[in-house]
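Chemist: Sharing structure.pdb (PDB, C-alpha atoms) below.
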ATOM      1  CA  MET A   1     -12.673  -5.131  -4.826  1.00  0.00           C
ATOM      2  CA  ASN A   2     -12.961  -6.379  -1.270  1.00  0.00           C
ATOM      3  CA  ASN A   3     -14.104  -3.246   0.571  1.00  0.00           C
ATOM      4  CA  LYS A   4     -14.243  -5.029   3.929  1.00  0.00           C
ATOM      5  CA  GLN A   5     -10.645  -6.038   4.548  1.00  0.00           C
ATOM      6  CA  GLY A   6      -7.221  -6.052   2.931  1.00  0.00           C
ATOM      7  CA  PRO A   7      -5.590  -3.241   0.953  1.00  0.00           C
ATOM      8  CA  PHE A   8      -8.844  -2.195  -0.731  1.00  0.00           C
ATOM      9  CA  SER A   9     -10.590  -1.437   2.525  1.00  0.00           C
ATOM     10  CA  ASN A  10      -8.703   1.844   1.970  1.00  0.00           C
ATOM     11  CA  LEU A  11     -10.716   4.266  -0.186  1.00  0.00           C
ATOM     12  CA  ASN A  12      -7.658   5.846  -1.793  1.00  0.00           C
ATOM     13  CA  ALA A  13      -6.205   2.448  -2.721  1.00  0.00           C
ATOM     14  CA  ARG A  14      -9.486   1.676  -4.509  1.00  0.00           C
ATOM     15  CA  LYS A  15      -9.286   4.998  -6.360  1.00  0.00           C
ATOM     16  CA  ALA A  16      -5.663   4.270  -7.334  1.00  0.00           C
ATOM     17  CA  PHE A  17      -6.600   0.912  -8.830  1.00  0.00           C
ATOM     18  CA  TRP A  18      -9.526   2.501 -10.704  1.00  0.00           C
ATOM     19  CA  ALA A  19      -7.231   5.204 -12.094  1.00  0.00           C
ATOM     20  CA  ALA A  20      -4.583   2.718 -13.209  1.00  0.00           C
ATOM     21  CA  LEU A  21      -6.858   0.160 -14.864  1.00  0.00           C
ATOM     22  CA  ASN A  22      -7.015   0.238 -18.665  1.00  0.00           C
ATOM     23  CA  ARG A  23     -10.750  -0.264 -19.088  1.00  0.00           C
ATOM     24  CA  THR A  24     -10.461   0.488 -22.809  1.00  0.00           C
ATOM     25  CA  ALA A  25      -8.187  -2.541 -23.258  1.00  0.00           C
ATOM     26  CA  MET A  26     -10.593  -4.673 -21.240  1.00  0.00           C
ATOM     27  CA  ASN A  27     -13.436  -3.661 -23.540  1.00  0.00           C
ATOM     28  CA  LYS A  28     -11.359  -4.321 -26.652  1.00  0.00           C
ATOM     29  CA  ALA A  29     -10.944  -7.867 -25.408  1.00  0.00           C
ATOM     30  CA  ARG A  30     -14.733  -8.135 -25.464  1.00  0.00           C
ATOM     31  CA  GLY A  31     -15.065  -6.870 -29.025  1.00  0.00           C
ATOM     32  CA  GLY A  32     -14.642  -3.111 -28.690  1.00  0.00           C
ATOM     33  CA  ALA A  33     -17.036  -0.302 -29.495  1.00  0.00           C
ATOM     34  CA  LEU A  34     -19.426  -2.408 -31.581  1.00  0.00           C
ATOM     35  CA  VAL A  35     -20.527  -4.446 -28.578  1.00  0.00           C
ATOM     36  CA  THR A  36     -19.401  -2.407 -25.538  1.00  0.00           C
ATOM     37  CA  ASP A  37     -19.169   1.082 -24.126  1.00  0.00           C
ATOM     38  CA  VAL A  38     -16.577   1.794 -21.460  1.00  0.00           C
ATOM     39  CA  MET A  39     -18.518   1.864 -18.213  1.00  0.00           C
ATOM     40  CA  THR A  40     -17.946   4.980 -16.101  1.00  0.00           C
ATOM     41  CA  HIS A  41     -20.561   4.502 -13.365  1.00  0.00           C
ATOM     42  CA  PHE A  42     -23.035   1.859 -12.290  1.00  0.00           C
ATOM     43  CA  LEU A  43     -26.499   2.617 -13.681  1.00  0.00           C
ATOM     44  CA  PHE A  44     -27.050   1.156 -17.139  1.00  0.00           C
ATOM     45  CA  PRO A  45     -27.992   3.124 -20.286  1.00  0.00           C
ATOM     46  CA  GLU A  46     -31.787   3.491 -20.593  1.00  0.00           C
ATOM     47  CA  ILE A  47     -32.273   2.797 -16.876  1.00  0.00           C
ATOM     48  CA  PRO A  48     -33.950   5.829 -15.231  1.00  0.00           C
ATOM     49  CA  GLY A  49     -31.285   7.965 -13.568  1.00  0.00           C
ATOM     50  CA  PHE A  50     -28.529   7.052 -16.035  1.00  0.00           C
ATOM     51  CA  GLU A  51     -28.272  10.531 -17.553  1.00  0.00           C
ATOM     52  CA  ALA A  52     -28.671  12.301 -14.214  1.00  0.00           C
ATOM     53  CA  ALA A  53     -25.812  10.224 -12.827  1.00  0.00           C
ATOM     54  CA  GLY A  54     -23.465  11.306 -15.625  1.00  0.00           C
ATOM     55  CA  GLY A  55     -24.547   9.610 -18.852  1.00  0.00           C
ATOM     56  CA  LEU A  56     -21.834   7.951 -20.918  1.00  0.00           C
ATOM     57  CA  PRO A  57     -18.970  10.195 -19.661  1.00  0.00           C
ATOM     58  CA  GLY A  58     -19.849   9.504 -16.039  1.00  0.00           C
ATOM     59  CA  PRO A  59     -19.036  11.584 -12.952  1.00  0.00           C
ATOM     60  CA  ARG A  60     -16.124  13.958 -13.506  1.00  0.00           C
ATOM     61  CA  VAL A  61     -13.541  12.696 -11.047  1.00  0.00           C
ATOM     62  CA  ASP A  62      -9.882  12.333 -11.948  1.00  0.00           C
ATOM     63  CA  TYR A  63      -9.664   8.580 -11.375  1.00  0.00           C
ATOM     64  CA  ASN A  64     -12.555   8.060 -13.834  1.00  0.00           C
ATOM     65  CA  GLU A  65     -11.543  10.473 -16.607  1.00  0.00           C
ATOM     66  CA  HIS A  66      -8.992   8.352 -18.497  1.00  0.00           C
ATOM     67  CA  PRO A  67     -10.368   4.879 -19.267  1.00  0.00           C
ATOM     68  CA  GLU A  68      -7.046   3.906 -20.857  1.00  0.00           C
ATOM     69  CA  GLY A  69      -5.470   4.263 -17.392  1.00  0.00           C
ATOM     70  CA  ASP A  70      -3.591   7.163 -15.830  1.00  0.00           C
ATOM     71  CA  PRO A  71      -0.415   6.210 -13.919  1.00  0.00           C
ATOM     72  CA  ALA A  72       0.081   9.723 -12.512  1.00  0.00           C
ATOM     73  CA  VAL A  73      -3.387   9.821 -10.946  1.00  0.00           C
ATOM     74  CA  ALA A  74      -2.927   6.262  -9.658  1.00  0.00           C
ATOM     75  CA  GLU A  75       0.374   7.264  -8.027  1.00  0.00           C
ATOM     76  CA  LYS A  76      -1.316  10.252  -6.366  1.00  0.00           C
ATOM     77  CA  TYR A  77      -3.938   8.069  -4.750  1.00  0.00           C
ATOM     78  CA  MET A  78      -1.435   5.398  -3.698  1.00  0.00           C
ATOM     79  CA  LYS A  79       0.448   8.127  -1.834  1.00  0.00           C
ATOM     80  CA  LEU A  80      -2.809   9.306  -0.244  1.00  0.00           C
ATOM     81  CA  ALA A  81      -3.380   5.693   0.791  1.00  0.00           C
ATOM     82  CA  GLY A  82      -0.136   5.853   2.766  1.00  0.00           C
ATOM     83  CA  TYR A  83       2.389   4.463   0.281  1.00  0.00           C
ATOM     84  CA  GLN A  84       4.832   7.332  -0.132  1.00  0.00           C
ATOM     85  CA  SER A  85       6.656   5.738  -3.059  1.00  0.00           C
ATOM     86  CA  GLY A  86       3.398   5.611  -5.032  1.00  0.00           C
ATOM     87  CA  LYS A  87       3.597   1.795  -5.028  1.00  0.00           C
ATOM     88  CA  TYR A  88       2.230  -0.776  -2.604  1.00  0.00           C
ATOM     89  CA  THR A  89       4.826  -1.694   0.025  1.00  0.00           C
ATOM     90  CA  GLY A  90       2.748  -4.004   2.253  1.00  0.00           C
ATOM     91  CA  SER A  91       3.159  -7.743   2.642  1.00  0.00           C
ATOM     92  CA  ASP A  92      -0.281  -8.951   1.493  1.00  0.00           C
ATOM     93  CA  THR A  93      -0.618 -11.172  -1.556  1.00  0.00           C
ATOM     94  CA  LEU A  94      -3.834 -10.342  -3.384  1.00  0.00           C
ATOM     95  CA  GLN A  95      -6.126 -13.256  -4.144  1.00  0.00           C
ATOM     96  CA  ILE A  96      -7.667 -12.749  -7.597  1.00  0.00           C
ATOM     97  CA  VAL A  97     -10.287 -15.196  -8.877  1.00  0.00           C
ATOM     98  CA  GLY A  98     -11.551 -14.913 -12.448  1.00  0.00           C
ATOM     99  CA  SER A  99     -13.199 -17.212 -14.945  1.00  0.00           C
ATOM    100  CA  THR A 100     -11.667 -19.247 -17.739  1.00  0.00           C
ATOM    101  CA  GLY A 101     -12.154 -18.552 -21.441  1.00  0.00           C
ATOM    102  CA  ASP A 102     -11.766 -15.363 -23.435  1.00  0.00           C
ATOM    103  CA  PRO A 103     -12.642 -12.571 -23.038  1.00  0.00           C
ATOM    104  CA  ASN A 104     -12.928 -13.137 -19.281  1.00  0.00           C
ATOM    105  CA  SER A 105      -9.470 -14.614 -18.850  1.00  0.00           C
ATOM    106  CA  GLU A 106      -7.928 -11.806 -20.912  1.00  0.00           C
ATOM    107  CA  ASP A 107      -9.681  -9.190 -18.787  1.00  0.00           C
ATOM    108  CA  ALA A 108      -8.486 -10.939 -15.625  1.00  0.00           C
ATOM    109  CA  GLU A 109      -4.914 -10.852 -16.925  1.00  0.00           C
ATOM    110  CA  ILE A 110      -5.193  -7.098 -17.570  1.00  0.00           C
ATOM    111  CA  VAL A 111      -6.390  -6.632 -13.983  1.00  0.00           C
ATOM    112  CA  ASN A 112      -3.540  -8.776 -12.685  1.00  0.00           C
ATOM    113  CA  GLN A 113      -0.924  -6.838 -14.653  1.00  0.00           C
ATOM    114  CA  THR A 114      -2.357  -3.522 -13.448  1.00  0.00           C
ATOM    115  CA  LEU A 115      -2.130  -4.592  -9.824  1.00  0.00           C
ATOM    116  CA  SER A 116       1.430  -5.824 -10.324  1.00  0.00           C
ATOM    117  CA  GLY A 117       2.272  -2.428 -11.817  1.00  0.00           C
ATOM    118  CA  LEU A 118       0.986  -0.805  -8.623  1.00  0.00           C
ATOM    119  CA  GLY A 119       3.407  -2.916  -6.597  1.00  0.00           C
ATOM    120  CA  PHE A 120       1.045  -5.622  -5.371  1.00  0.00           C
ATOM    121  CA  LYS A 121       1.993  -9.279  -5.108  1.00  0.00           C
ATOM    122  CA  THR A 122      -0.802 -11.287  -6.693  1.00  0.00           C
ATOM    123  CA  LYS A 123      -2.082 -14.826  -7.017  1.00  0.00           C
ATOM    124  CA  LEU A 124      -4.402 -15.206  -9.998  1.00  0.00           C
ATOM    125  CA  ASN A 125      -6.699 -18.229 -10.215  1.00  0.00           C
ATOM    126  CA  LEU A 126      -8.892 -18.811 -13.265  1.00  0.00           C
ATOM    127  CA  VAL A 127     -11.724 -21.293 -12.768  1.00  0.00           C
ATOM    128  CA  ASP A 128     -14.978 -22.206 -14.458  1.00  0.00           C
ATOM    129  CA  GLN A 129     -17.461 -19.349 -14.134  1.00  0.00           C
ATOM    130  CA  SER A 130     -19.911 -21.381 -12.065  1.00  0.00           C
ATOM    131  CA  VAL A 131     -17.122 -22.286  -9.638  1.00  0.00           C
ATOM    132  CA  MET A 132     -15.971 -18.654  -9.507  1.00  0.00           C
ATOM    133  CA  TYR A 133     -19.393 -17.584  -8.239  1.00  0.00           C
ATOM    134  CA  ALA A 134     -20.354 -20.614  -6.120  1.00  0.00           C
ATOM    135  CA  LYS A 135     -17.056 -21.328  -4.364  1.00  0.00           C
ATOM    136  CA  PHE A 136     -15.142 -18.053  -4.347  1.00  0.00           C
ATOM    137  CA  CYS A 137     -16.637 -14.678  -5.305  1.00  0.00           C
ATOM    138  CA  GLY A 138     -20.112 -15.484  -3.956  1.00  0.00           C
ATOM    139  CA  VAL A 139     -18.796 -16.666  -0.569  1.00  0.00           C
ATOM    140  CA  PRO A 140     -17.762 -13.744   1.667  1.00  0.00           C
ATOM    141  CA  ALA A 141     -15.851 -16.026   4.060  1.00  0.00           C
ATOM    142  CA  GLU A 142     -13.333 -16.714   1.289  1.00  0.00           C
ATOM    143  CA  GLU A 143     -12.317 -13.012   1.456  1.00  0.00           C
ATOM    144  CA  ILE A 144     -11.254 -12.845  -2.192  1.00  0.00           C
ATOM    145  CA  ASP A 145      -9.534  -9.513  -2.845  1.00  0.00           C
ATOM    146  CA  ILE A 146     -10.468  -9.078  -6.514  1.00  0.00           C
ATOM    147  CA  CYS A 147     -13.190 -10.670  -8.658  1.00  0.00           C
ATOM    148  CA  PRO A 148     -12.603  -9.209 -12.147  1.00  0.00           C
ATOM    149  CA  ASN A 149     -15.265 -11.154 -14.062  1.00  0.00           C
ATOM    150  CA  VAL A 150     -18.467 -10.695 -12.066  1.00  0.00           C
ATOM    151  CA  GLY A 151     -21.440  -8.923 -13.617  1.00  0.00           C
ATOM    152  CA  TRP A 152     -25.020  -7.914 -12.919  1.00  0.00           C
ATOM    153  CA  ALA A 153     -28.173  -7.451 -15.008  1.00  0.00           C
ATOM    154  CA  ALA A 154     -31.288  -5.493 -14.045  1.00  0.00           C
ATOM    155  CA  ASP A 155     -34.523  -7.483 -13.793  1.00  0.00           C
ATOM    156  CA  PHE A 156     -36.640  -4.373 -14.420  1.00  0.00           C
ATOM    157  CA  GLY A 157     -36.157  -0.765 -15.497  1.00  0.00           C
ATOM    158  CA  ASP A 158     -35.385   0.959 -12.214  1.00  0.00           C
ATOM    159  CA  GLY A 159     -32.209   2.031 -10.420  1.00  0.00           C
ATOM    160  CA  GLN A 160     -32.969  -0.256  -7.493  1.00  0.00           C
ATOM    161  CA  ALA A 161     -32.753  -3.275  -9.801  1.00  0.00           C
ATOM    162  CA  VAL A 162     -29.199  -2.261 -10.737  1.00  0.00           C
ATOM    163  CA  LEU A 163     -27.691  -1.013  -7.478  1.00  0.00           C
ATOM    164  CA  ASP A 164     -29.469  -2.543  -4.496  1.00  0.00           C
ATOM    165  CA  VAL A 165     -28.312  -6.162  -4.564  1.00  0.00           C
ATOM    166  CA  PRO A 166     -24.640  -5.591  -5.520  1.00  0.00           C
ATOM    167  CA  PHE A 167     -24.016  -2.659  -3.152  1.00  0.00           C
ATOM    168  CA  ASN A 168     -26.437  -2.702  -0.199  1.00  0.00           C
ATOM    169  CA  GLY A 169     -24.838  -4.075   2.953  1.00  0.00           C
ATOM    170  CA  LYS A 170     -28.102  -5.717   4.032  1.00  0.00           C
ATOM    171  CA  ASN A 171     -27.826  -8.034   1.025  1.00  0.00           C
ATOM    172  CA  ILE A 172     -24.528  -9.662   2.048  1.00  0.00           C
ATOM    173  CA  ILE A 173     -25.306 -13.347   2.642  1.00  0.00           C
ATOM    174  CA  PRO A 174     -23.039 -16.343   3.452  1.00  0.00           C
ATOM    175  CA  THR A 175     -23.458 -18.111   0.097  1.00  0.00           C
ATOM    176  CA  GLY A 176     -24.795 -17.038  -3.264  1.00  0.00           C
ATOM    177  CA  ASN A 177     -23.755 -13.503  -2.351  1.00  0.00           C
ATOM    178  CA  ASN A 178     -23.946 -10.906  -5.132  1.00  0.00           C
ATOM    179  CA  ASN A 179     -22.461  -8.032  -3.126  1.00  0.00           C
ATOM    180  CA  TRP A 180     -19.050  -9.303  -4.172  1.00  0.00           C
ATOM    181  CA  GLY A 181     -17.102  -6.389  -2.705  1.00  0.00           C
ATOM    182  CA  GLN A 182     -18.912  -6.691   0.648  1.00  0.00           C
ATOM    183  CA  VAL A 183     -19.824  -3.022   0.288  1.00  0.00           C
ATOM    184  CA  ASN A 184     -21.432  -1.979   3.565  1.00  0.00           C
ATOM    185  CA  ASP A 185     -21.352   1.797   3.855  1.00  0.00           C
ATOM    186  CA  PRO A 186     -23.924   3.028   6.417  1.00  0.00           C
ATOM    187  CA  THR A 187     -24.615   6.243   4.476  1.00  0.00           C
ATOM    188  CA  ILE A 188     -25.213   4.387   1.204  1.00  0.00           C
ATOM    189  CA  ASN A 189     -27.283   1.714   2.969  1.00  0.00           C
ATOM    190  CA  ALA A 190     -29.519   4.393   4.489  1.00  0.00           C
ATOM    191  CA  ALA A 191     -29.919   6.186   1.154  1.00  0.00           C
ATOM    192  CA  MET A 192     -30.952   2.900  -0.492  1.00  0.00           C
ATOM    193  CA  GLN A 193     -33.438   2.100   2.243  1.00  0.00           C
ATOM    194  CA  LYS A 194     -35.048   5.492   1.723  1.00  0.00           C
ATOM    195  CA  ALA A 195     -34.981   5.224  -2.087  1.00  0.00           C
ATOM    196  CA  GLU A 196     -36.591   1.774  -2.011  1.00  0.00           C
ATOM    197  CA  GLN A 197     -39.724   3.280  -0.455  1.00  0.00           C
ATOM    198  CA  LEU A 198     -40.149   6.185  -2.867  1.00  0.00           C
ATOM    199  CA  ILE A 199     -43.160   6.245  -5.166  1.00  0.00           C
ATOM    200  CA  GLY A 200     -43.154   7.939  -8.565  1.00  0.00           C
ATOM    201  CA  ALA A 201     -40.733   7.856 -11.483  1.00  0.00           C
ATOM    202  CA  GLU A 202     -39.053  11.220 -10.937  1.00  0.00           C
ATOM    203  CA  PRO A 203     -38.264  10.886  -7.210  1.00  0.00           C
ATOM    204  CA  ARG A 204     -36.919   7.357  -7.729  1.00  0.00           C
ATOM    205  CA  GLU A 205     -34.790   8.447 -10.678  1.00  0.00           C
ATOM    206  CA  LYS A 206     -33.213  11.285  -8.705  1.00  0.00           C
ATOM    207  CA  ALA A 207     -32.603   9.165  -5.630  1.00  0.00           C
ATOM    208  CA  TRP A 208     -30.931   6.265  -7.425  1.00  0.00           C
ATOM    209  CA  ALA A 209     -28.860   8.631  -9.587  1.00  0.00           C
ATOM    210  CA  ALA A 210     -27.546  10.242  -6.391  1.00  0.00           C
ATOM    211  CA  ILE A 211     -26.708   6.795  -4.984  1.00  0.00           C
ATOM    212  CA  ASP A 212     -24.900   5.923  -8.219  1.00  0.00           C
ATOM    213  CA  ARG A 213     -22.754   9.044  -7.899  1.00  0.00           C
ATOM    214  CA  GLU A 214     -22.019   8.194  -4.261  1.00  0.00           C
ATOM    215  CA  LEU A 215     -20.877   4.692  -5.242  1.00  0.00           C
ATOM    216  CA  VAL A 216     -18.430   6.264  -7.693  1.00  0.00           C
ATOM    217  CA  ALA A 217     -17.204   8.656  -5.006  1.00  0.00           C
ATOM    218  CA  ASP A 218     -16.721   5.631  -2.747  1.00  0.00           C
ATOM    219  CA  ALA A 219     -14.979   3.668  -5.548  1.00  0.00           C
ATOM    220  CA  ALA A 220     -17.020   0.713  -4.350  1.00  0.00           C
ATOM    221  CA  ALA A 221     -16.113  -1.287  -7.473  1.00  0.00           C
ATOM    222  CA  ILE A 222     -14.561  -0.549 -10.869  1.00  0.00           C
ATOM    223  CA  PRO A 223     -17.130  -0.557 -13.695  1.00  0.00           C
ATOM    224  CA  PHE A 224     -15.735  -1.255 -17.147  1.00  0.00           C
ATOM    225  CA  ASP A 225     -18.249  -2.790 -19.585  1.00  0.00           C
ATOM    226  CA  TRP A 226     -21.706  -1.690 -20.666  1.00  0.00           C
ATOM    227  CA  ASP A 227     -22.716  -4.454 -23.070  1.00  0.00           C
ATOM    228  CA  LYS A 228     -24.430  -3.564 -26.333  1.00  0.00           C
ATOM    229  CA  ALA A 229     -26.245  -5.975 -28.625  1.00  0.00           C
ATOM    230  CA  PRO A 230     -25.740  -5.158 -32.358  1.00  0.00           C
ATOM    231  CA  ASN A 231     -29.063  -6.553 -33.565  1.00  0.00           C
ATOM    232  CA  ILE A 232     -30.412  -6.497 -37.120  1.00  0.00           C
ATOM    233  CA  GLU A 233     -34.104  -6.270 -38.007  1.00  0.00           C
ATOM    234  CA  SER A 234     -36.008  -6.401 -41.303  1.00  0.00           C
ATOM    235  CA  ALA A 235     -37.851  -3.269 -42.462  1.00  0.00           C
ATOM    236  CA  ASP A 236     -41.195  -4.929 -41.701  1.00  0.00           C
ATOM    237  CA  VAL A 237     -40.258  -5.981 -38.142  1.00  0.00           C
ATOM    238  CA  ALA A 238     -40.845  -3.881 -35.018  1.00  0.00           C
ATOM    239  CA  GLY A 239     -38.036  -5.247 -32.865  1.00  0.00           C
ATOM    240  CA  VAL A 240     -38.072  -4.862 -29.096  1.00  0.00           C
ATOM    241  CA  GLY A 241     -34.834  -5.312 -27.174  1.00  0.00           C
ATOM    242  CA  ASP A 242     -34.810  -6.938 -23.747  1.00  0.00           C
ATOM    243  CA  LEU A 243     -32.913  -4.535 -21.490  1.00  0.00           C
ATOM    244  CA  TRP A 244     -32.264  -7.074 -18.738  1.00  0.00           C
ATOM    245  CA  ASN A 245     -30.579  -9.327 -21.308  1.00  0.00           C
ATOM    246  CA  SER A 246     -28.207  -6.754 -22.854  1.00  0.00           C
ATOM    247  CA  GLY A 247     -30.718  -5.815 -25.543  1.00  0.00           C
ATOM    248  CA  GLN A 248     -31.233  -9.236 -27.107  1.00  0.00           C
ATOM    249  CA  TRP A 249     -34.489  -9.535 -29.043  1.00  0.00           C
ATOM    250  CA  ASP A 250     -37.529 -10.102 -26.860  1.00  0.00           C
ATOM    251  CA  TYR A 251     -39.728 -12.301 -29.034  1.00  0.00           C
ATOM    252  CA  SER A 252     -42.690 -11.934 -26.656  1.00  0.00           C
ATOM    253  CA  PHE A 253     -43.017  -8.282 -27.739  1.00  0.00           C
ATOM    254  CA  THR A 254     -41.327  -8.153 -31.174  1.00  0.00           C
ATOM    255  CA  SER A 255     -43.887  -8.085 -33.985  1.00  0.00           C
ATOM    256  CA  LEU A 256     -44.448  -7.590 -37.678  1.00  0.00           C
ATOM    257  CA  LYS A 257     -45.399  -4.082 -38.760  1.00  0.00           C
TER
END
Can I see the file as structure tokens?

Modeler:
Amino acid sequence: MNNKQGPFSNLNARKAFWAALNRTAMNKARGGALVTDVMTHFLFPEIPGFEAAGGLPGPRVDYNEHPEGDPAVAEKYMKLAGYQSGKYTGSDTLQIVGSTGDPNSEDAEIVNQTLSGLGFKTKLNLVDQSVMYAKFCGVPAEEIDICPNVGWAADFGDGQAVLDVPFNGKNIIPTGNNNWGQVNDPTINAAMQKAEQLIGAEPREKAWAAIDRELVADAAAIPFDWDKAPNIESADVAGVGDLWNSGQWDYSFTSLK
């Protein structure tokens, strides 16, 4: 969601959209429980800080509790955002840019329908994934309201590798931008700057878990899909999954027993 301008510069509007979105349906489009878990916060499973930030259930806030969507909670937050009917009554048309091909296009359609149900006028464009990133979602000047098909992978096993680039305001750049929501909260930026300099596993884990919880409280984006790789190994193989690549086999470290 575009945190900088438009309807979703309003925190309560972001919470309303989060509450309304059927993340379970979005995950079913990707193959369901065999290959996904419904994402409830931003740190990935097995990344230090994941459990401290809430584990699989995630932080216990009402807009996060019902991954199938909760219209009543969404209506509450729309009213808090200033829309007394519980539906959007402004004049903006939301620009939504997703990528072609299932399951991405199906997920984008679910997002579009959810926003329409909240009263928003929308314009959905589905383009090739490379175009989505290079021309639209990765270019802040385009001011896209919603990018439903963007994703991030950690390059190493630390909370900074998950949260810093997509959510630190210092990382917003004119092109090739991966802070798609233009999240630029001074409190979160300062917490990240401090956490980046910490030494030692435990202090870093605690610091990035706290930042993860703050990002949920800020509804900076809507997480929906923790990928899982259902891999099979022979009894005489010691398989090692590559966390940065959704658990695919890492043949540099996999060996025979």

Chemist: Which residues match the PyMOL selection byres ((chain A and resi 115) around 10) in the file above, as a list in words?

Modeler: Ala16, Phe17, Ala20, Leu21, Lys87, Tyr88, Leu94, Glu109, Ile110, Val111, Asn112, Gln113, Thr114, Ser116, Gly117, Leu118, Gly119, Phe120, Lys121 and Thr122 of chain A

Chemist: Wanna dump the region 136-197 of chain A-region 206-217 of chain A contacts at 9 Å for me, each residue with its shortest atom pair and the distance in Å to one decimal, counting only C-alpha atoms, ordered by chain and number, as CSV?

Modeler:
residue,atom,partner,partner_atom,distance
A:Asp158,CA,A:Trp208,CA,8.4
A:Gly159,CA,A:Trp208,CA,5.3
A:Gln160,CA,A:Trp208,CA,6.8
A:Leu163,CA,A:Asp212,CA,7.5
A:Phe167,CA,A:Leu215,CA,8.3
A:Ile188,CA,A:Ile211,CA,6.8
A:Ala191,CA,A:Ile211,CA,7.0
A:Met192,CA,A:Ile211,CA,7.3
A:Lys194,CA,A:Ala207,CA,8.6
A:Ala195,CA,A:Ala207,CA,5.8

Chemist: Which polymer residues have any atom within 6 Å of an atom of region 240-252 of chain A, counting all atoms listed in the file, with same-chain residues fewer than 4 positions away left out, as number ranges by chain?

Modeler: A: 153-155, 227, 229

Chemist: Just want the 8 Å neighbourhood of Lys170 (chain A), counted on all atoms listed in the file, with same-chain residues fewer than 2 positions away dropped. Output as a count of residues only.

Modeler: 4

Chemist: Quick one: residues within 12 Å of Asn10 (chain A), all atoms listed in the file, excluding same-chain residues fewer than 3 positions away - as an MDAnalysis selection string?

Modeler: chainID A and resid 1:7 13:17 77:83 218:220

Chemist: The residues within 12 Å of (-27.5, 10.3, -16.9), using only C-alpha atoms and the coordinates of the file, should be reported as a PyMOL selection string; which are they?

Modeler: chain A and resi 40-59+159+205-206+208-210+212-213

Chemist: Residues as selected, C-alpha atoms, written as an mmCIF file, in the frame of the given file, can you do that?

Modeler:
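Result went into selection-v9.cif, see below:
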data_model
loop_
_atom_site.group_PDB
_atom_site.id
_atom_site.type_symbol
_atom_site.label_atom_id
_atom_site.label_comp_id
_atom_site.auth_asym_id
_atom_site.auth_seq_id
_atom_site.Cartn_x
_atom_site.Cartn_y
_atom_site.Cartn_z
ATOM 1 C CA THR A 40 -17.946 4.980 -16.101
ATOM 2 C CA HIS A 41 -20.561 4.502 -13.365
ATOM 3 C CA PHE A 42 -23.035 1.859 -12.290
ATOM 4 C CA LEU A 43 -26.499 2.617 -13.681
ATOM 5 C CA PHE A 44 -27.050 1.156 -17.139
ATOM 6 C CA PRO A 45 -27.992 3.124 -20.286
ATOM 7 C CA GLU A 46 -31.787 3.491 -20.593
ATOM 8 C CA ILE A 47 -32.273 2.797 -16.876
ATOM 9 C CA PRO A 48 -33.950 5.829 -15.231
ATOM 10 C CA GLY A 49 -31.285 7.965 -13.568
ATOM 11 C CA PHE A 50 -28.529 7.052 -16.035
ATOM 12 C CA GLU A 51 -28.272 10.531 -17.553
ATOM 13 C CA ALA A 52 -28.671 12.301 -14.214
ATOM 14 C CA ALA A 53 -25.812 10.224 -12.827
ATOM 15 C CA GLY A 54 -23.465 11.306 -15.625
ATOM 16 C CA GLY A 55 -24.547 9.610 -18.852
ATOM 17 C CA LEU A 56 -21.834 7.951 -20.918
ATOM 18 C CA PRO A 57 -18.970 10.195 -19.661
ATOM 19 C CA GLY A 58 -19.849 9.504 -16.039
ATOM 20 C CA PRO A 59 -19.036 11.584 -12.952
ATOM 21 C CA GLY A 159 -32.209 2.031 -10.420
ATOM 22 C CA GLU A 205 -34.790 8.447 -10.678
ATOM 23 C CA LYS A 206 -33.213 11.285 -8.705
ATOM 24 C CA TRP A 208 -30.931 6.265 -7.425
ATOM 25 C CA ALA A 209 -28.860 8.631 -9.587
ATOM 26 C CA ALA A 210 -27.546 10.242 -6.391
ATOM 27 C CA ASP A 212 -24.900 5.923 -8.219
ATOM 28 C CA ARG A 213 -22.754 9.044 -7.899
#

Chemist: Measuring between only C-alpha atoms, which one of A:Ile96, A:Leu126, A:Val61, A:Met26 shows the shortest distance to Glu142 (chain A)?

Modeler: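 Counting only C-alpha atoms, the residue closest to Glu142 (chain A) is A:Ile96.
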
Chemist: Give me the box for region 118-125 of chain A as AutoDock Vina command-line options, namely the centre and edge lengths in Å to one decimal of a box along x, y and z that holds every listed atom plus 6 Å on each side.

Modeler:
--center_x -1.6 --center_y -9.5 --center_z -7.7 --size_x 22.1 --size_y 29.4 --size_z 17.1

Chemist: As an exercise, work out the distance from CA of Thr89 (chain A) to CA of Cys147 (chain A) in Å and give it to one decimal place.

Modeler: 21.9 Å
